[in-house]
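K.L.:
My structure is stored as entry08.txt, with compact mmCIF, C-alpha atoms.
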# COMPACT_ATOMS: atom_id res chain seq x y z
CA MET S 213 0.00 0.00 0.00
CA THR S 214 2.86 2.38 0.80
CA SER S 215 4.44 1.73 -2.58
CA LEU S 216 1.13 2.34 -4.31
CA ARG S 217 0.59 5.67 -2.55
CA GLN S 218 4.19 6.61 -3.19
CA GLY S 219 3.91 5.83 -6.89
CA ARG S 220 0.68 7.79 -7.25
CA ALA S 221 2.06 10.82 -5.44
CA ALA S 222 5.29 10.79 -7.42
CA THR S 223 3.33 10.48 -10.66
CA LEU S 224 1.06 13.39 -9.82
CA LEU S 225 3.97 15.58 -8.83
CA VAL S 226 6.01 14.84 -11.94
CA ILE S 227 2.94 15.32 -14.15
CA ALA S 228 2.00 18.61 -12.47
CA ALA S 229 5.53 19.95 -12.82
CA LEU S 230 5.66 18.79 -16.43
CA LEU S 231 2.34 20.39 -17.37
CA VAL S 232 3.10 23.74 -15.82
CA SER S 233 6.68 23.89 -17.10
CA THR S 234 5.54 22.86 -20.61
CA VAL S 235 3.00 25.67 -20.61
CA GLY S 236 5.83 27.94 -19.48
CA ASP S 237 8.10 26.75 -22.31
CA GLU S 238 5.41 27.50 -24.89
CA VAL S 239 4.55 30.86 -23.33
CA ALA S 240 8.23 31.85 -23.40
CA MET S 241 8.77 30.77 -27.00
CA VAL S 242 5.66 32.47 -28.39
CA ALA S 243 5.99 35.62 -26.27
CA LEU S 244 9.67 36.09 -27.17
CA ALA S 245 8.94 35.54 -30.86
CA LEU S 246 6.12 38.10 -30.73
CA ARG S 247 8.36 40.58 -28.95
CA GLY S 248 11.12 39.99 -31.50
CA ALA S 249 8.72 40.67 -34.36
CA ASP S 250 7.28 43.74 -32.63
CA ARG S 251 10.53 45.36 -31.46
CA THR S 252 12.73 44.64 -34.50
CA GLY S 253 10.37 43.99 -37.39
CA LEU S 254 12.92 41.55 -38.83
CA THR S 255 12.09 37.99 -39.86
CA SER S 256 15.78 37.15 -39.51
CA VAL S 257 15.64 37.90 -35.77
CA VAL S 258 12.61 35.65 -35.23
CA SER S 259 14.27 32.93 -37.31
CA ALA S 260 17.44 33.25 -35.22
CA GLN S 261 15.34 33.03 -32.04
CA MET S 262 13.75 29.76 -33.21
CA LEU S 263 17.15 28.34 -34.12
CA ALA S 264 18.61 29.47 -30.78
CA GLY S 265 15.95 27.48 -28.96
CA LEU S 266 16.81 24.32 -30.92
CA VAL S 267 20.62 24.37 -31.04
CA PRO S 268 21.47 23.89 -27.32
CA GLY S 269 19.86 20.47 -27.17
CA ILE S 270 22.14 19.36 -30.00
CA ALA S 271 25.37 21.19 -29.21
CA LEU S 272 25.30 20.75 -25.43
CA GLY S 273 24.14 17.13 -25.27
CA GLY S 274 27.47 15.96 -23.83
CA PRO S 275 27.74 18.41 -20.92
CA ILE S 276 24.04 18.07 -20.13
CA GLY S 277 24.28 14.29 -19.95
CA ARG S 278 27.36 14.40 -17.73
CA ILE S 279 25.71 16.86 -15.34
CA VAL S 280 22.57 14.75 -14.96
CA ASP S 281 24.63 11.58 -14.42
CA ARG S 282 27.07 13.20 -11.99
CA PHE S 283 24.54 14.93 -9.74
CA ARG S 284 21.07 14.08 -8.47
CA ALA S 285 18.57 14.54 -11.30
CA ASP S 286 15.96 16.04 -8.96
CA ALA S 287 18.45 18.63 -7.70
CA VAL S 288 19.54 19.50 -11.23
CA LEU S 289 15.88 19.86 -12.21
CA GLY S 290 15.27 22.22 -9.29
CA VAL S 291 18.23 24.45 -10.18
CA THR S 292 17.15 24.43 -13.82
CA LEU S 293 13.59 25.53 -13.04
CA ALA S 294 14.88 28.26 -10.73
CA LEU S 295 17.16 29.61 -13.46
CA GLU S 296 14.33 29.50 -16.01
CA CYS S 297 12.18 31.50 -13.59
CA LEU S 298 14.88 34.16 -13.14
CA ILE S 299 15.65 34.43 -16.87
CA ALA S 300 11.97 34.76 -17.82
CA ALA S 301 11.48 37.48 -15.20
CA ALA S 302 14.57 39.33 -16.42
CA ALA S 303 13.43 39.01 -20.05
CA ALA S 304 10.09 40.57 -19.16
CA ALA S 305 11.93 43.65 -17.88
CA VAL S 306 14.96 44.15 -20.13
CA ALA S 307 14.93 41.91 -23.25
CA ASP S 308 14.10 44.38 -26.03
CA GLY S 309 16.92 44.35 -28.58
CA ALA S 310 17.73 41.58 -31.03
CA VAL S 311 20.83 40.39 -29.15
CA LEU S 312 19.06 40.08 -25.79
CA LEU S 313 16.05 38.38 -27.33
CA ILE S 314 18.19 35.78 -29.10
CA ALA S 315 20.36 35.28 -26.00
CA THR S 316 17.26 34.75 -23.86
CA MET S 317 15.94 32.10 -26.23
CA LEU S 318 19.37 30.45 -26.27
CA LEU S 319 19.51 30.26 -22.47
CA LEU S 320 15.94 29.00 -22.14
CA GLY S 321 16.60 26.43 -24.89
CA ALA S 322 19.64 25.12 -23.02
CA LEU S 323 17.78 24.95 -19.70
CA GLY S 324 14.80 23.28 -21.37
CA ALA S 325 17.13 20.58 -22.74
CA VAL S 326 18.50 20.01 -19.23
CA ALA S 327 14.99 19.74 -17.77
CA GLN S 328 13.92 17.23 -20.42
CA THR S 329 16.97 15.07 -19.75
CA CYS S 330 16.29 15.19 -15.99
CA VAL S 331 12.71 14.00 -16.49
CA MET S 332 13.90 11.16 -18.73
CA ALA S 333 16.36 10.07 -16.03
CA LEU S 334 13.83 10.40 -13.18
CA VAL S 335 11.08 8.24 -14.70
CA PRO S 336 13.07 4.94 -14.63
CA ARG S 337 14.27 5.76 -11.11
CA LEU S 338 10.73 6.28 -9.83
CA PHE S 339 9.24 3.44 -11.89
CA PRO S 340 11.78 0.65 -12.51
CA ALA S 341 9.35 -1.71 -14.31
CA SER S 342 9.20 -1.15 -18.08
CA ASP S 343 5.39 -1.50 -18.23
CA ALA S 344 5.06 1.17 -15.54
CA GLN S 345 7.43 3.41 -17.48
CA LEU S 346 5.28 2.98 -20.58
CA ARG S 347 2.16 4.06 -18.71
CA VAL S 348 3.87 7.02 -17.07
CA ASN S 349 5.51 8.11 -20.33
CA GLY S 350 2.11 7.89 -22.02
CA LEU S 351 0.49 10.06 -19.36
CA MET S 352 3.37 12.53 -19.52
CA GLU S 353 3.09 12.72 -23.31
CA SER S 354 -0.61 13.58 -23.15
CA VAL S 355 0.02 16.18 -20.45
CA ARG S 356 2.97 17.68 -22.33
CA ASN S 357 0.94 17.96 -25.53
CA ALA S 358 -1.94 19.52 -23.62
CA GLY S 359 0.58 22.10 -22.45
CA TYR S 360 1.56 22.79 -26.04
CA ILE S 361 -2.09 23.60 -26.76
CA VAL S 362 -2.71 25.69 -23.63
CA GLY S 363 0.54 27.69 -23.86
CA PRO S 364 -0.13 29.61 -27.12
CA LEU S 365 -3.76 30.23 -26.11
CA LEU S 366 -2.57 31.67 -22.79
CA VAL S 367 -0.09 33.93 -24.59
CA GLY S 368 -2.89 35.28 -26.78
CA VAL S 369 -4.98 36.21 -23.75
CA LEU S 370 -2.07 37.69 -21.80
CA THR S 371 -0.58 39.75 -24.63
CA SER S 372 -3.98 41.21 -25.51
CA HIS S 373 -4.33 42.50 -21.92
CA GLY S 374 -0.79 43.34 -20.85
CA GLY S 375 1.58 42.80 -23.77
CA THR S 376 4.48 40.37 -23.97
CA GLY S 377 5.86 41.67 -20.66
CA LEU S 378 2.85 40.24 -18.80
CA ALA S 379 3.17 36.96 -20.71
CA LEU S 380 6.83 36.61 -19.73
CA ALA S 381 6.08 37.50 -16.11
CA VAL S 382 3.42 34.76 -15.97
CA ASP S 383 5.96 32.47 -17.66
CA ALA S 384 8.32 33.07 -14.73
CA GLY S 385 5.46 32.16 -12.39
CA THR S 386 4.90 28.82 -14.14
CA PHE S 387 8.52 27.82 -13.53
CA ALA S 388 8.27 28.92 -9.89
CA PHE S 389 5.15 26.79 -9.44
CA ALA S 390 6.85 23.75 -11.01
CA LEU S 391 9.78 24.29 -8.66
CA LEU S 392 7.53 23.67 -5.65
CA ALA S 393 7.16 20.01 -6.65
CA VAL S 394 10.90 19.25 -6.65
CA PRO S 395 11.43 18.81 -2.85
CA VAL S 396 8.52 16.40 -2.65
CA ILE S 397 9.85 14.42 -5.62
CA SER S 398 13.22 14.28 -3.87
CA ARG S 399 11.60 12.85 -0.73
CA TRP S 400 9.84 10.14 -2.72
CA LEU S 401 13.11 9.28 -4.47
CA VAL S 402 14.81 8.77 -1.10
CA MET S 403 11.95 6.60 0.14
CA ALA S 404 11.98 4.53 -3.05
CA ALA S 405 15.75 4.01 -2.79
CA ARG S 406 15.49 2.93 0.85
CA GLU S 407 12.72 0.49 0.02
CA ARG S 408 14.82 -1.04 -2.76
CA ALA S 409 17.75 -1.33 -0.37
CA ARG S 410 15.62 -3.07 2.27
CA THR S 411 14.24 -5.45 -0.35
CA ALA S 412 17.74 -6.28 -1.53
CA ASP S 413 18.98 -6.81 2.05
CA THR S 414 16.18 -9.26 2.83
CA GLY S 415 16.71 -11.12 -0.44
CA GLY S 416 13.13 -10.47 -1.51
CA ALA S 417 14.02 -9.41 -5.03
CA GLU S 418 16.92 -9.14 -7.38
CA THR S 419 17.98 -5.57 -7.96
CA ASP S 420 20.61 -3.89 -10.01
CA GLY S 421 23.56 -3.11 -7.77
CA ALA S 422 23.88 0.32 -9.32
CA GLU S 423 20.35 1.14 -8.19
CA THR S 424 21.04 0.38 -4.54
CA ASP S 425 24.13 2.57 -4.29
CA GLY S 426 23.29 5.78 -2.43
CA ALA S 427 20.00 4.29 -1.26
CA GLU S 428 19.82 6.47 1.83
CA THR S 429 19.97 9.69 -0.15
CA GLY S 430 18.52 8.81 -3.52
CA ALA S 431 21.73 10.05 -5.12
CA PRO S 432 23.34 8.54 -8.20
CA PRO S 433 25.95 5.81 -7.62
CA ALA S 434 29.12 7.32 -6.20
CA ALA S 435 31.33 5.35 -8.57
CA ALA S 436 29.38 6.32 -11.69
CA LYS S 437 31.64 7.30 -14.54
CA THR S 438 30.84 10.61 -16.18
CA GLU S 439 33.62 10.73 -18.75
CA GLY S 440 32.88 10.74 -22.46
CA GLY S 441 29.76 12.87 -22.53
CA LEU S 442 27.73 12.76 -25.73
CA ARG S 443 30.09 10.26 -27.36
CA VAL S 444 29.34 7.67 -24.69
CA GLY S 445 25.64 8.51 -24.73
CA LEU S 446 25.46 8.01 -28.49
CA ALA S 447 27.44 4.76 -28.29
CA LEU S 448 25.01 3.37 -25.71
CA LEU S 449 21.96 4.75 -27.48
CA TRP S 450 22.88 3.07 -30.78
CA ALA S 451 24.25 -0.18 -29.30
CA GLY S 452 22.95 -3.38 -30.90
CA ALA S 453 21.56 -4.15 -34.35
CA GLN S 454 17.91 -3.80 -33.35
CA ARG S 455 18.47 -0.40 -31.75
CA ARG S 456 20.38 0.83 -34.77
CA THR S 457 17.60 -0.30 -37.10
CA THR S 458 14.90 1.28 -34.93
CA LEU S 459 16.68 4.60 -34.45
CA ALA S 460 17.87 4.86 -38.06
CA THR S 461 14.29 4.42 -39.22
CA ILE S 462 13.05 7.09 -36.83
CA VAL S 463 15.81 9.50 -37.86
CA VAL S 464 14.84 9.19 -41.54
CA THR S 465 11.12 9.52 -40.91
CA VAL S 466 11.52 12.53 -38.59
CA ALA S 467 13.72 14.35 -41.12
CA ALA S 468 11.32 13.59 -43.99
CA THR S 469 8.21 14.72 -42.12
CA SER S 470 9.97 17.83 -40.77
CA VAL S 471 10.27 18.97 -44.39
CA ALA S 472 6.49 18.69 -44.64
CA ASN S 473 5.96 20.67 -41.42
CA VAL S 474 7.83 23.68 -42.83
CA LEU S 475 5.95 23.59 -46.14
CA LEU S 476 2.42 23.23 -44.75
CA PRO S 477 1.78 27.02 -44.51
CA PHE S 478 2.61 27.37 -48.23
CA PHE S 479 0.48 24.35 -49.08
CA ALA S 480 -2.45 25.95 -47.25
CA ASP S 481 -2.74 28.53 -50.04
CA GLU S 482 -3.68 25.72 -52.44
CA VAL S 483 -6.44 24.34 -50.21
CA PRO S 484 -10.00 25.73 -50.04
CA GLY S 485 -10.22 27.71 -46.83
CA GLY S 486 -6.54 28.69 -46.85
CA MET S 487 -4.99 29.58 -43.52
CA ALA S 488 -8.20 28.86 -41.62
CA VAL S 489 -8.00 25.22 -42.73
CA TYR S 490 -4.29 25.23 -41.86
CA GLY S 491 -5.14 26.27 -38.31
CA VAL S 492 -7.80 23.56 -38.04
CA LEU S 493 -5.33 20.96 -39.32
CA LEU S 494 -2.78 21.94 -36.66
CA ALA S 495 -5.47 21.83 -33.97
CA THR S 496 -6.56 18.38 -35.20
CA TRP S 497 -2.97 17.12 -35.02
CA SER S 498 -2.71 18.51 -31.47
CA VAL S 499 -5.88 16.68 -30.43
CA GLY S 500 -4.33 13.49 -31.81
CA LEU S 501 -1.18 14.16 -29.77
CA VAL S 502 -3.24 14.28 -26.58
CA LEU S 503 -5.33 11.21 -27.42
CA GLY S 504 -2.59 9.03 -28.90
CA PRO S 505 -0.98 7.73 -25.67
CA PHE S 506 -4.30 6.26 -24.55
CA ALA S 507 -4.00 3.75 -27.40
CA LEU S 508 -1.09 2.20 -25.49
CA ARG S 509 -3.35 1.18 -22.62
CA GLY S 510 -4.74 -1.74 -24.63
CA ARG S 511 -3.15 -4.54 -26.61
CA LEU S 512 -0.80 -2.12 -28.36
CA GLY S 513 0.88 -1.37 -25.04
CA ARG S 514 1.83 -5.03 -24.70
CA ARG S 515 3.68 -5.11 -27.99
CA PRO S 516 7.49 -4.55 -28.19
CA THR S 517 8.03 -0.82 -27.84
CA GLY S 518 10.65 -0.60 -30.60
CA VAL S 519 8.30 -2.20 -33.13
CA VAL S 520 5.44 0.04 -31.99
CA ALA S 521 7.59 3.17 -32.40
CA VAL S 522 8.58 2.27 -35.95
CA GLY S 523 5.01 1.32 -36.86
CA ALA S 524 3.80 4.69 -35.55
CA ALA S 525 6.46 6.49 -37.62
CA THR S 526 5.13 4.67 -40.69
CA ILE S 527 1.61 5.94 -40.00
CA ILE S 528 2.92 9.51 -39.62
CA GLY S 529 4.50 9.24 -43.08
CA LEU S 530 1.26 7.84 -44.48
CA SER S 531 -0.70 10.80 -43.10
CA TYR S 532 1.49 13.27 -45.00
CA LEU S 533 1.46 11.07 -48.08
CA VAL S 534 -2.35 11.11 -48.12
CA THR S 535 -2.43 14.87 -47.46
CA GLY S 536 -0.20 15.61 -50.46
CA ALA S 537 -1.91 13.11 -52.76
CA TYR S 538 -5.53 13.99 -51.95
CA PRO S 539 -5.86 17.56 -50.58
CA LEU S 540 -9.52 17.19 -49.62
CA VAL S 541 -10.37 18.79 -46.29
CA PRO S 542 -12.28 15.86 -44.69
CA LEU S 543 -9.58 13.40 -45.75
CA MET S 544 -6.79 15.69 -44.52
CA LEU S 545 -8.53 16.11 -41.16
CA ALA S 546 -8.75 12.34 -40.75
CA ALA S 547 -5.11 11.96 -41.81
CA PHE S 548 -3.95 14.62 -39.36
CA LEU S 549 -5.90 13.12 -36.46
CA CYS S 550 -4.33 9.70 -37.13
CA GLY S 551 -0.93 11.30 -37.70
CA GLY S 552 -1.07 13.19 -34.41
CA MET S 553 -2.06 10.07 -32.50
CA ALA S 554 0.75 8.12 -34.16
CA ASN S 555 3.19 10.93 -33.35
CA ALA S 556 2.38 10.65 -29.65
CA VAL S 557 2.56 6.83 -29.70
CA GLN S 558 5.95 7.04 -31.41
CA ASN S 559 7.28 9.44 -28.78
CA VAL S 560 6.10 7.34 -25.85
CA ALA S 561 7.17 3.98 -27.26
CA LEU S 562 10.58 5.21 -28.40
CA ARG S 563 11.35 6.97 -25.11
CA THR S 564 10.41 3.84 -23.17
CA TYR S 565 12.38 1.62 -25.54
CA VAL S 566 15.50 3.73 -25.11
CA MET S 567 15.37 4.17 -21.33
CA ALA S 568 13.76 0.98 -19.98
CA ASP S 569 16.98 -1.07 -19.86
CA CYS S 570 19.41 1.83 -19.58
CA PRO S 571 21.96 1.45 -16.73
CA PRO S 572 21.30 4.00 -13.96
CA ASP S 573 24.73 5.64 -14.14
CA VAL S 574 24.38 6.64 -17.82
CA ARG S 575 20.72 7.65 -18.05
CA GLY S 576 21.57 11.33 -18.31
CA ARG S 577 23.97 10.86 -21.20
CA VAL S 578 21.67 8.47 -23.04
CA GLY S 579 18.74 10.84 -22.56
CA ALA S 580 20.78 13.77 -23.83
CA ALA S 581 21.97 11.72 -26.82
CA TYR S 582 18.38 10.76 -27.55
CA GLY S 583 17.29 14.41 -27.56
CA ALA S 584 20.26 15.52 -29.66
CA THR S 585 19.61 12.77 -32.22
CA LEU S 586 15.96 13.69 -32.73
CA GLN S 587 16.60 17.43 -32.78
CA SER S 588 19.36 16.93 -35.35
CA SER S 589 16.88 15.06 -37.54
CA VAL S 590 14.40 17.92 -37.22
CA ALA S 591 17.11 20.46 -38.09
CA VAL S 592 18.08 18.48 -41.21
CA GLY S 593 14.45 18.42 -42.31
CA PHE S 594 14.08 22.17 -41.75
CA ALA S 595 17.23 22.82 -43.77
CA LEU S 596 16.09 20.62 -46.67
CA ALA S 597 12.72 22.37 -46.72
CA GLY S 598 14.52 25.66 -47.37
CA LEU S 599 15.65 24.29 -50.75
CA VAL S 600 12.10 23.63 -51.95
CA PRO S 601 10.31 26.35 -54.01
CA ALA S 602 7.06 27.49 -52.39
CA ASP S 603 4.93 26.42 -55.37
CA TRP S 604 6.24 22.85 -55.05
CA SER S 605 4.99 22.54 -51.48
CA ARG S 606 2.22 20.03 -52.18
CA TRP S 607 4.46 17.56 -53.98
CA ALA S 608 7.29 18.04 -51.49
CA ILE S 609 4.84 17.10 -48.71
CA PHE S 610 3.78 14.10 -50.78
CA ALA S 611 7.43 13.12 -51.32
CA GLY S 612 8.35 13.62 -47.67
CA GLY S 613 5.42 11.51 -46.58
CA GLY S 614 6.32 8.87 -49.16
CA VAL S 615 9.94 8.67 -47.99
CA ALA S 616 8.81 8.38 -44.35
CA PHE S 617 6.22 5.74 -45.20
CA LEU S 618 8.66 3.69 -47.24
CA ALA S 619 11.44 3.95 -44.64
CA GLY S 620 9.00 3.15 -41.85
CA SER S 621 7.60 0.12 -43.67
CA VAL S 622 11.06 -1.32 -44.30
CA GLY S 623 12.11 -0.57 -40.72
CA TRP S 624 8.95 -2.14 -39.30
CA ILE S 625 9.54 -5.37 -41.23
CA ARG S 626 13.16 -5.49 -40.11
CA THR S 627 12.48 -4.71 -36.43
CA ARG S 628 9.75 -7.34 -36.29
CA ALA S 629 12.13 -9.90 -37.77
CA MET S 630 14.80 -8.94 -35.20
CA GLU S 631 12.48 -9.06 -32.19
CA PRO S 632 13.47 -12.08 -30.06
CA SER S 633 10.91 -14.67 -29.10
CA PRO S 634 9.97 -14.84 -25.39
CA LYS S 635 12.25 -17.87 -24.92
CA GLN S 636 15.18 -16.11 -26.60
CA ALA S 637 14.59 -13.04 -24.47
CA GLU S 638 14.93 -15.18 -21.35
CA ASP S 639 18.08 -16.91 -22.59
CA VAL S 640 19.92 -13.86 -23.88
CA SER S 641 19.55 -10.28 -22.70
CA VAL S 642 21.05 -7.70 -25.02
CA THR S 643 20.80 -4.22 -23.54
CA ALA S 644 22.25 -0.80 -24.08
CA GLY S 645 24.49 -1.35 -21.09
CA THR S 646 26.53 -3.95 -22.97
CA ALA S 647 28.07 -1.31 -25.22
CA SER S 648 31.63 -0.27 -24.57
CA GLU S 649 32.52 3.39 -24.08
CA GLY S 650 34.40 3.26 -27.36
CA GLY S 651 31.13 2.83 -29.21
CA ALA S 652 31.35 -0.85 -30.20
CA PRO S 653 28.13 -2.84 -29.70
As structure tokens, please, write out the structure in this file.
P.N.:
Amino acid sequence: MTSLRQGRAATLLVIAALLVSTVGDEVAMVALALRGADRTGLTSVVSAQMLAGLVPGIALGGPIGRIVDRFRADAVLGVTLALECLIAAAAAAVADGAVLLIATMLLLGALGAVAQTCVMALVPRLFPASDAQLRVNGLMESVRNAGYIVGPLLVGVLTSHGGTGLALAVDAGTFAFALLAVPVISRWLVMAARERARTADTGGAETDGAETDGAETGAPPAAAKTEGGLRVGLALLWAGAQRRTTLATIVVTVAATSVANVLLPFFADEVPGGMAVYGVLLATWSVGLVLGPFALRGRLGRRPTGVVAVGAATIIGLSYLVTGAYPLVPLMLAAFLCGGMANAVQNVALRTYVMADCPPDVRGRVGAAYGATLQSSVAVGFALAGLVPADWSRWAIFAGGGVAFLAGSVGWIRTRAMEPSPKQAEDVSVTAGTASEGGAP
């Protein structure tokens, strides 16, 4: 009963912090972009702001991973939220020029990448069982996506009443609110570690020795190695043939569909209803993002997570393929609803697949490598989209969807063929932890 209450409380606290901080992230991004457009009138400044928010997760993956592995993830999360609160408050008061606006987005992007890595490291520590991680990741995905919907709406209300300064001040408040949950999460981590230590001492269950180190404080293992940074994280992330196939498929599909994301506003001009339909399509995708994780509560949630992630990526490609081939509003709405649901399922399944068997002392680096890999794929897609003429947008969306669908189909067949049978899984366990620091599987 104690464990059940503990799990529920920890879940609620992590979810509450995630929801509020996600709303804060969206408020900051939209409010800073609006201020950049208003104060400078330059598209190049807004473009640089968007890029500044994306780059830290790629460029700083190594240091971020080492920090999360070296120190307690809950403490790092608390410091990160406090810094985000201070920077948002300062931006509300002084960030007016192009340099300060871009610098603010850069700092918030870096801190956001740290917070995401902390959450990825905390979930396996609070919920060691992979099925529990899948459920928690699914709930977090729905909550996070709900925050993505609420954030821009909140900015619209706040800026209409008090300008971007009010929006950024409220943004600082969201980070302060999320910060209140950190001490309670820390207490539950200590209690969970002590319970694991008692269980191990009485011989009631087999536990990973790395998990029981520091049981009295909930701290990471004292002997954990933090050398290597992103290189080690990437080596562990991509260790094993099945992981390489799964991740390579996702990288290709994410890059291909990111091209389509950039070109959708241009494609909207060719569709009856124009930008109004474009807005409805985005809203439909967002609804799918919130609903998608609930699909994992049935039979789908009992399937191998790597196979599920690749299958979901295939459906995302199909949704864009259908949109480019048949630009009929009812069909596009159906495609975007399915695509949004598949997008959420892919995120949950892939995150669980990557972290479920990750050794405790490298979770930060693997999480950072995971984020850097996906953000790099998005950046490649954005760059490729810049080479496409605006009047080719429909067929570029069709092509991007086709590439993603084809890559996903091939990857799905291969990952299914590589999935071990239950008997093989018992006989041989191949995990990310078997990779050497030099990168060999």
K.L.:
Could you give me, as a Markdown table, every segment 589-635 of chain S residue with an atom at most 12 Å from segment 451-465 of chain S, plus its closest atom pair and distance in Å to one decimal, counting all atoms listed in the file, rows ordered by chain then number?
P.N.:
| residue | atom | partner | partner_atom | distance |
| --- | --- | --- | --- | --- |
| S:Ser589 | CA | S:Val463 | CA | 5.7 |
| S:Val590 | CA | S:Val463 | CA | 8.6 |
| S:Ala591 | CA | S:Val463 | CA | 11.0 |
| S:Val592 | CA | S:Val464 | CA | 9.8 |
| S:Gly593 | CA | S:Val464 | CA | 9.3 |
| S:Ala611 | CA | S:Thr465 | CA | 11.6 |
| S:Gly612 | CA | S:Thr465 | CA | 8.4 |
| S:Gly613 | CA | S:Thr465 | CA | 8.3 |
| S:Gly614 | CA | S:Thr465 | CA | 9.6 |
| S:Val615 | CA | S:Thr465 | CA | 7.2 |
| S:Ala616 | CA | S:Thr465 | CA | 4.3 |
| S:Phe617 | CA | S:Thr465 | CA | 7.5 |
| S:Leu618 | CA | S:Thr465 | CA | 9.0 |
| S:Ala619 | CA | S:Thr461 | CA | 6.1 |
| S:Gly620 | CA | S:Thr461 | CA | 6.0 |
| S:Ser621 | CA | S:Thr461 | CA | 9.1 |
| S:Val622 | CA | S:Thr461 | CA | 8.3 |
| S:Gly623 | CA | S:Thr461 | CA | 5.6 |
| S:Trp624 | CA | S:Thr458 | CA | 8.1 |
| S:Ile625 | CA | S:Thr457 | CA | 10.4 |
| S:Arg626 | CA | S:Thr457 | CA | 7.5 |
| S:Thr627 | CA | S:Gln454 | CA | 6.3 |
| S:Arg628 | CA | S:Gln454 | CA | 9.4 |
| S:Ala629 | CA | S:Gln454 | CA | 9.5 |
| S:Met630 | CA | S:Gln454 | CA | 6.3 |
| S:Glu631 | CA | S:Gln454 | CA | 7.6 |
| S:Pro632 | CA | S:Gln454 | CA | 10.0 |
K.L.:
Any idea what the distance is between atom CA of Leu231 of chain S and atom CA of Ile397 of chain S?
P.N.:
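Separation between atom CA of Leu231 of chain S and atom CA of Ile397 of chain S: 15.2 Å.
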K.L.:
Closest to Thr329 of chain S among S:Asn559, S:Ser498, S:Thr292, S:Thr535, using only C-alpha atoms?
P.N.:
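Smallest distance to Thr329 of chain S is found for S:Thr292.
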K.L.:
Given all atoms listed in the file as the basis, pick out the residue of S:Ala595, S:Ala584, S:Met567, S:Ala521 nearest to Met332 of chain S.
P.N.:
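Of the candidates, the smallest distance to Met332 of chain S is held by S:Met567.
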K.L.:
From the list S:Val326, S:Leu254, S:Leu263, S:Ile527, which residue is nearest Gly579 of chain S when using all atoms listed in the file?
P.N.:
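Using all atoms listed in the file, Gly579 of chain S sits closest to S:Val326.
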K.L.:
What is the atom CA of Ala537 of chain S-atom CA of Arg606 of chain S distance in Å, reported with one decimal?
P.N.:
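Atom CA of Arg606 of chain S lies at a distance of 8.1 Å from atom CA of Ala537 of chain S.
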K.L.:
Quote the spacing between atom CA of Ala597 of chain S and atom CA of Phe610 of chain S in Å to one decimal place.
P.N.:
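For atom CA of Ala597 of chain S relative to atom CA of Phe610 of chain S, the distance reads 12.8 Å.
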K.L.:
Residues of segment 441-488 of chain S within 12 Å of segment 573-577 of chain S: nearest atom pair and distance (Å, one decimal) for each, counting only C-alpha atoms, sorted by chain and number, as CSV?
P.N.:
residue,atom,partner,partner_atom,distance
S:Gly441,CA,S:Arg577,CA,6.3
S:Leu442,CA,S:Arg577,CA,6.2
S:Arg443,CA,S:Arg577,CA,8.7
S:Val444,CA,S:Arg577,CA,7.2
S:Gly445,CA,S:Arg577,CA,4.6
S:Leu446,CA,S:Arg577,CA,8.0
S:Ala447,CA,S:Arg577,CA,10.0
S:Leu448,CA,S:Val574,CA,8.6
S:Leu449,CA,S:Arg577,CA,9.0
K.L.:
Need to verify the contact set: Tyr565 of chain S, 12 Å, only C-alpha atoms, exclusion of same-chain residues closer than 3 positions in sequence. Can you return it as a short mmCIF file (atom, residue, chain, number, x, y, z; two decimals) with C-alpha atoms, keeping the file's coordinate frame?
P.N.:
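That gives us result-v4.cif:
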data_model
loop_
_atom_site.label_atom_id
_atom_site.label_comp_id
_atom_site.auth_asym_id
_atom_site.auth_seq_id
_atom_site.Cartn_x
_atom_site.Cartn_y
_atom_site.Cartn_z
CA MET S 332 13.90 11.16 -18.73
CA PRO S 336 13.07 4.94 -14.63
CA SER S 342 9.20 -1.15 -18.08
CA ASP S 343 5.39 -1.50 -18.23
CA GLN S 345 7.43 3.41 -17.48
CA LEU S 346 5.28 2.98 -20.58
CA ASN S 349 5.51 8.11 -20.33
CA LEU S 449 21.96 4.75 -27.48
CA TRP S 450 22.88 3.07 -30.78
CA GLN S 454 17.91 -3.80 -33.35
CA ARG S 455 18.47 -0.40 -31.75
CA THR S 458 14.90 1.28 -34.93
CA LEU S 459 16.68 4.60 -34.45
CA GLY S 513 0.88 -1.37 -25.04
CA ARG S 515 3.68 -5.11 -27.99
CA PRO S 516 7.49 -4.55 -28.19
CA THR S 517 8.03 -0.82 -27.84
CA GLY S 518 10.65 -0.60 -30.60
CA VAL S 519 8.30 -2.20 -33.13
CA VAL S 520 5.44 0.04 -31.99
CA ALA S 521 7.59 3.17 -32.40
CA VAL S 522 8.58 2.27 -35.95
CA VAL S 557 2.56 6.83 -29.70
CA GLN S 558 5.95 7.04 -31.41
CA ASN S 559 7.28 9.44 -28.78
CA VAL S 560 6.10 7.34 -25.85
CA ALA S 561 7.17 3.98 -27.26
CA LEU S 562 10.58 5.21 -28.40
CA ALA S 568 13.76 0.98 -19.98
CA ASP S 569 16.98 -1.07 -19.86
CA CYS S 570 19.41 1.83 -19.58
CA VAL S 578 21.67 8.47 -23.04
CA GLY S 579 18.74 10.84 -22.56
CA TYR S 582 18.38 10.76 -27.55
CA THR S 643 20.80 -4.22 -23.54
CA ALA S 644 22.25 -0.80 -24.08
#
K.L.:
Of the candidates S:Phe479, S:Pro505, S:Gly500, S:Leu545, which one gets nearest to Trp604 of chain S if we count all atoms listed in the file?
P.N.:
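Once distances to Trp604 of chain S are computed over all atoms listed in the file, the minimum belongs to S:Phe479.
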